[in-house]
Amino acid sequence: MRSTYRRLLAAAVAALGALGLAACGAEVIDADDLASKIRDQMSAQVGVDPEQVTVECPDDIEVEEGRKFECDLTAPNGDPVIVEVTLTNDEGGFEAIVPPEQFEESGAAEGAE
């Protein structure tokens, strides 16, 4: 069971997708839609139930190609994971990755136990 969680945490996952845009003034990303897509894609890639994973993304991110921001993912075992998101176009396309560097310290600490 723990190896499933490690796969979720250690995977350098690239998720590509397109988002709904919230309709108000400047075009902004629908944060709930983005969080749902990231959760579903990453859960599927590592074989865990998406209902056991939560993702929160910031509100009011204006749509602009190249814009970068972070979303917070919580793995099924409760471990926090940072997901780096980059907008790939002005229409809500995105790429999301889990940078493996965030696990290097925890992996070294586990080996010392």
# chains A, B, ... in the order shown; residues from 1 in each chain; ligands from 1
call {"tool": "residues_around", "arguments": {"residues": "Asp59 of chain A", "least_positions_apart": "2", "cutoff": "8 Å", "atoms": "only C-alpha atoms", "output": "PyMOL selection string"}}
result
chain A and resi 29-31+57+61
call {"tool": "write_last_selection", "arguments": {"atoms": "C-alpha atoms", "output": "PDB file, in the first residue's frame"}}
result
ATOM      1  CA  ILE A  29      -9.032  29.794 -14.638  1.00  0.00           C
ATOM      2  CA  ASP A  30     -11.852  27.883 -13.004  1.00  0.00           C
ATOM      3  CA  ALA A  31      -9.832  26.687  -9.966  1.00  0.00           C
ATOM      4  CA  CYS A  57      -5.587  25.530  -6.691  1.00  0.00           C
ATOM      5  CA  ILE A  61      -5.441  33.072 -11.870  1.00  0.00           C
TER       6      ILE A  61
END
call {"tool": "residues_around", "arguments": {"residues": "Pro50 of chain A", "least_positions_apart": "3", "cutoff": "6 Å", "atoms": "only C-alpha atoms", "output": "mmCIF file with N, CA and C atoms, in the first residue's frame"}}
result
data_model
loop_
_atom_site.group_PDB
_atom_site.id
_atom_site.type_symbol
_atom_site.label_atom_id
_atom_site.label_comp_id
_atom_site.auth_asym_id
_atom_site.auth_seq_id
_atom_site.Cartn_x
_atom_site.Cartn_y
_atom_site.Cartn_z
ATOM 1 N N ASP A 40 -7.860 13.836 -11.071
ATOM 2 C CA ASP A 40 -8.241 12.665 -11.854
ATOM 3 C C ASP A 40 -7.077 12.123 -12.679
ATOM 4 N N SER A 43 -4.224 10.670 -10.300
ATOM 5 C CA SER A 43 -4.697 9.449 -9.633
ATOM 6 C C SER A 43 -4.705 8.280 -10.612
ATOM 7 N N VAL A 53 -7.796 11.501 -3.053
ATOM 8 C CA VAL A 53 -6.810 12.552 -3.324
ATOM 9 C C VAL A 53 -7.539 13.885 -3.359
#
call {"tool": "atom_distance", "arguments": {"atom1": "atom CA of Ala44 of chain A", "atom2": "atom CA of Gly92 of chain A"}}
result
21.4 Å
call {"tool": "closest_residue", "arguments": {"among": "A:Asp90, A:Ala26, A:Glu51, A:Pro99", "to": "Glu70 of chain A", "atoms": "only C-alpha atoms"}}
result
A:Pro99
call {"tool": "atom_distance", "arguments": {"atom1": "atom CA of Val83 of chain A", "atom2": "atom CA of Cys71 of chain A"}}
result
5.1 Å
